[in-house]
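To start, the structure itself, in C-alpha cells.
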Amino acid sequence: MTWLDSVLYGEAGLTFVLSGLNSASMAGLAARAASRARQVGASALAFVCAGVAMESLAFLALAAPASEMHPAAVLALLLVRTLLLASTALLTALVLRAISQ
C-alpha cells in the first residue's frame, strides 16, 4: 500500500464515519421536527448522508490500489474523495453547531 492509497482510504473511512453520524443526527432531527417542512428537509438530508456513507463503504470494499490506475484517474479520484470529505466535514460542523446551541 502506497501513501496515496492510505490517503484515499483514510478519506473514504473518515467520510463514512462522519456521513453515518450526520445521517443519524438528521434522522433524529426529522423525528423531533416541529413542522412538516423541517421533517421532510431533515429526512432528505439523512438520506443524502446515508448515500454518501454507502458510497464510501463501497469504495473501501472495491477500490483498486492507486498504483494500478492511470495517473489521471488517480488525480480525479483524489479530487472526488477530497470534495466528498470536505462537504461532509462542513455538514458535520453545522450539525455540531446546531447541537451546541
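Residues are named by chain letter and number: chains run A, B, ... in the order of the C-alpha cells, numbers start at 1 in each chain, and ligands are numbered from 1 in the order shown.
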Pick out the residues sitting within 6 Å of stretch 33-49 of chain A, and hand them over as a PDB file with C-alpha atoms, in the first residue's frame; count only C-alpha atoms, and ignore anything fewer than 6 positions along from it in its own chain.
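Listing of part_2.pdb after writing:
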ATOM      1  CA  SER A  19     -21.694  10.741   6.994  1.00  0.00           C
ATOM      2  CA  SER A  23     -27.367  10.656   8.848  1.00  0.00           C
ATOM      3  CA  MET A  26     -30.597  14.196  10.705  1.00  0.00           C
ATOM      4  CA  ALA A  27     -32.914  11.247  11.309  1.00  0.00           C
TER       5      ALA A  27
END
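With distances taken over only C-alpha atoms, A:Leu8 is the one residue among A:Met54, A:Leu8, A:Ala61, A:Met1 lying closest to A:Val74.
By only C-alpha atoms, and with residues fewer than 2 positions from A:Leu96 along its chain excluded, the set lying at most 12 Å from it is Leu18, Leu21, Asn22, Ser25, Met26, Ala89, Leu90, Leu91, Thr92, Ala93, Leu94, Ala98, Ile99, Ser100 and Gln101 of chain A.
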Could you check the closest approach to A:Ala64 for each of A:Leu84, A:Leu14, A:Ala50, A:Leu77 and tell me which residue wins, using only C-alpha atoms?
A:Leu77
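Of the residues in stretch 62-97 of chain A, those that DSSP places in alpha helix (DSSP H) on the basis of the backbone are A:Leu62, A:Pro71, A:Ala72, A:Ala73, A:Val74, A:Leu75, A:Ala76, A:Leu77, A:Leu78, A:Leu79, A:Val80, A:Arg81, A:Thr82, A:Leu83, A:Leu84, A:Leu85, A:Ala86, A:Ser87, A:Thr88, A:Ala89, A:Leu90, A:Leu91, A:Thr92, A:Ala93, A:Leu94, A:Val95, A:Leu96, A:Arg97.
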Create the file for the chosen residues now, containing N, CA, C and O atoms and written as an mmCIF file, in the first residue's frame.
data_model
loop_
_atom_site.group_PDB
_atom_site.id
_atom_site.type_symbol
_atom_site.label_atom_id
_atom_site.label_comp_id
_atom_site.auth_asym_id
_atom_site.auth_seq_id
_atom_site.Cartn_x
_atom_site.Cartn_y
_atom_site.Cartn_z
ATOM 1 N N LEU A 62 -14.196 -1.959 -2.756
ATOM 2 C CA LEU A 62 -13.995 -2.303 -4.162
ATOM 3 C C LEU A 62 -12.844 -1.599 -4.866
ATOM 4 O O LEU A 62 -12.497 -1.987 -5.986
ATOM 5 N N PRO A 71 -2.562 7.690 -14.008
ATOM 6 C CA PRO A 71 -2.378 8.879 -13.172
ATOM 7 C C PRO A 71 -3.548 9.871 -13.228
ATOM 8 O O PRO A 71 -3.892 10.475 -12.208
ATOM 9 N N ALA A 72 -4.177 10.032 -14.377
ATOM 10 C CA ALA A 72 -5.327 10.935 -14.471
ATOM 11 C C ALA A 72 -6.500 10.410 -13.650
ATOM 12 O O ALA A 72 -7.225 11.191 -13.024
ATOM 13 N N ALA A 73 -6.680 9.097 -13.634
ATOM 14 C CA ALA A 73 -7.753 8.506 -12.833
ATOM 15 C C ALA A 73 -7.479 8.692 -11.347
ATOM 16 O O ALA A 73 -8.398 8.961 -10.566
ATOM 17 N N VAL A 74 -6.226 8.564 -10.949
ATOM 18 C CA VAL A 74 -5.860 8.767 -9.545
ATOM 19 C C VAL A 74 -6.104 10.220 -9.136
ATOM 20 O O VAL A 74 -6.664 10.486 -8.059
ATOM 21 N N LEU A 75 -5.748 11.153 -10.004
ATOM 22 C CA LEU A 75 -5.978 12.568 -9.708
ATOM 23 C C LEU A 75 -7.467 12.866 -9.574
ATOM 24 O O LEU A 75 -7.891 13.551 -8.634
ATOM 25 N N ALA A 76 -8.270 12.322 -10.488
ATOM 26 C CA ALA A 76 -9.724 12.528 -10.413
ATOM 27 C C ALA A 76 -10.285 11.908 -9.140
ATOM 28 O O ALA A 76 -11.129 12.512 -8.462
ATOM 29 N N LEU A 77 -9.835 10.721 -8.802
ATOM 30 C CA LEU A 77 -10.312 10.048 -7.602
ATOM 31 C C LEU A 77 -9.927 10.824 -6.346
ATOM 32 O O LEU A 77 -10.746 10.982 -5.430
ATOM 33 N N LEU A 78 -8.725 11.330 -6.312
ATOM 34 C CA LEU A 78 -8.287 12.127 -5.168
ATOM 35 C C LEU A 78 -9.124 13.399 -5.035
ATOM 36 O O LEU A 78 -9.527 13.769 -3.923
ATOM 37 N N LEU A 79 -9.421 14.045 -6.151
ATOM 38 C CA LEU A 79 -10.255 15.241 -6.125
ATOM 39 C C LEU A 79 -11.659 14.922 -5.605
ATOM 40 O O LEU A 79 -12.185 15.619 -4.735
ATOM 41 N N VAL A 80 -12.260 13.854 -6.106
ATOM 42 C CA VAL A 80 -13.612 13.477 -5.684
ATOM 43 C C VAL A 80 -13.644 13.107 -4.210
ATOM 44 O O VAL A 80 -14.511 13.556 -3.462
ATOM 45 N N ARG A 81 -12.703 12.294 -3.759
ATOM 46 C CA ARG A 81 -12.673 11.881 -2.354
ATOM 47 C C ARG A 81 -12.477 13.095 -1.446
ATOM 48 O O ARG A 81 -13.080 13.187 -0.379
ATOM 49 N N THR A 82 -11.619 14.031 -1.857
ATOM 50 C CA THR A 82 -11.368 15.222 -1.043
ATOM 51 C C THR A 82 -12.617 16.100 -0.969
ATOM 52 O O THR A 82 -12.957 16.604 0.111
ATOM 53 N N LEU A 83 -13.315 16.285 -2.088
ATOM 54 C CA LEU A 83 -14.536 17.085 -2.086
ATOM 55 C C LEU A 83 -15.638 16.429 -1.251
ATOM 56 O O LEU A 83 -16.373 17.122 -0.537
ATOM 57 N N LEU A 84 -15.764 15.110 -1.337
ATOM 58 C CA LEU A 84 -16.763 14.419 -0.521
ATOM 59 C C LEU A 84 -16.450 14.576 0.970
ATOM 60 O O LEU A 84 -17.348 14.830 1.775
ATOM 61 N N LEU A 85 -15.184 14.436 1.329
ATOM 62 C CA LEU A 85 -14.807 14.604 2.739
ATOM 63 C C LEU A 85 -15.030 16.039 3.189
ATOM 64 O O LEU A 85 -15.559 16.270 4.278
ATOM 65 N N ALA A 86 -14.652 17.006 2.369
ATOM 66 C CA ALA A 86 -14.817 18.411 2.744
ATOM 67 C C ALA A 86 -16.291 18.763 2.936
ATOM 68 O O ALA A 86 -16.655 19.417 3.920
ATOM 69 N N SER A 87 -17.150 18.330 2.026
ATOM 70 C CA SER A 87 -18.575 18.652 2.165
ATOM 71 C C SER A 87 -19.180 17.947 3.372
ATOM 72 O O SER A 87 -20.007 18.527 4.086
ATOM 73 N N THR A 88 -18.755 16.732 3.634
ATOM 74 C CA THR A 88 -19.242 16.005 4.801
ATOM 75 C C THR A 88 -18.764 16.669 6.091
ATOM 76 O O THR A 88 -19.532 16.802 7.054
ATOM 77 N N ALA A 89 -17.518 17.104 6.106
ATOM 78 C CA ALA A 89 -16.986 17.773 7.301
ATOM 79 C C ALA A 89 -17.706 19.093 7.557
ATOM 80 O O ALA A 89 -17.989 19.440 8.713
ATOM 81 N N LEU A 90 -18.021 19.836 6.492
ATOM 82 C CA LEU A 90 -18.764 21.084 6.673
ATOM 83 C C LEU A 90 -20.161 20.829 7.223
ATOM 84 O O LEU A 90 -20.634 21.561 8.106
ATOM 85 N N LEU A 91 -20.823 19.809 6.721
ATOM 86 C CA LEU A 91 -22.145 19.472 7.249
ATOM 87 C C LEU A 91 -22.038 19.036 8.711
ATOM 88 O O LEU A 91 -22.879 19.402 9.535
ATOM 89 N N THR A 92 -21.000 18.285 9.038
ATOM 90 C CA THR A 92 -20.782 17.882 10.426
ATOM 91 C C THR A 92 -20.602 19.096 11.319
ATOM 92 O O THR A 92 -21.154 19.152 12.431
ATOM 93 N N ALA A 93 -19.855 20.086 10.842
ATOM 94 C CA ALA A 93 -19.669 21.315 11.630
ATOM 95 C C ALA A 93 -20.984 22.027 11.860
ATOM 96 O O ALA A 93 -21.254 22.514 12.965
ATOM 97 N N LEU A 94 -21.856 22.058 10.853
ATOM 98 C CA LEU A 94 -23.162 22.678 11.022
ATOM 99 C C LEU A 94 -24.036 21.901 12.024
ATOM 100 O O LEU A 94 -24.732 22.497 12.835
ATOM 101 N N VAL A 95 -23.957 20.580 11.954
ATOM 102 C CA VAL A 95 -24.738 19.750 12.880
ATOM 103 C C VAL A 95 -24.242 19.972 14.309
ATOM 104 O O VAL A 95 -25.046 20.152 15.232
ATOM 105 N N LEU A 96 -22.930 19.975 14.500
ATOM 106 C CA LEU A 96 -22.376 20.193 15.835
ATOM 107 C C LEU A 96 -22.719 21.586 16.357
ATOM 108 O O LEU A 96 -23.004 21.749 17.550
ATOM 109 N N ARG A 97 -22.714 22.566 15.483
ATOM 110 C CA ARG A 97 -23.088 23.932 15.889
ATOM 111 C C ARG A 97 -24.545 23.972 16.330
ATOM 112 O O ARG A 97 -24.881 24.593 17.348
#
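Computed from the coordinates, the atom CA of A:Ser67 to atom CA of A:Ser6 distance equals 11.8 Å.
Atom pair atom CA of A:Glu11 / atom CA of A:Val52: separated by 12.3 Å.
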Just to confirm, what's the straight-line distance from atom CA of A:Tyr9 to atom CA of A:Gly28 in Å (one decimal)?
28.6 Å
Which residue, A:Leu4, A:Gly10, A:Gly20, A:Arg32, has the smallest gap to A:Ala53 when you use only C-alpha atoms?
A:Gly20
Restricting the calculation to only C-alpha atoms: of A:Ala31, A:Ala24, A:Val17, A:Ala66, which residue gets closest to A:Thr2?
A:Ala66
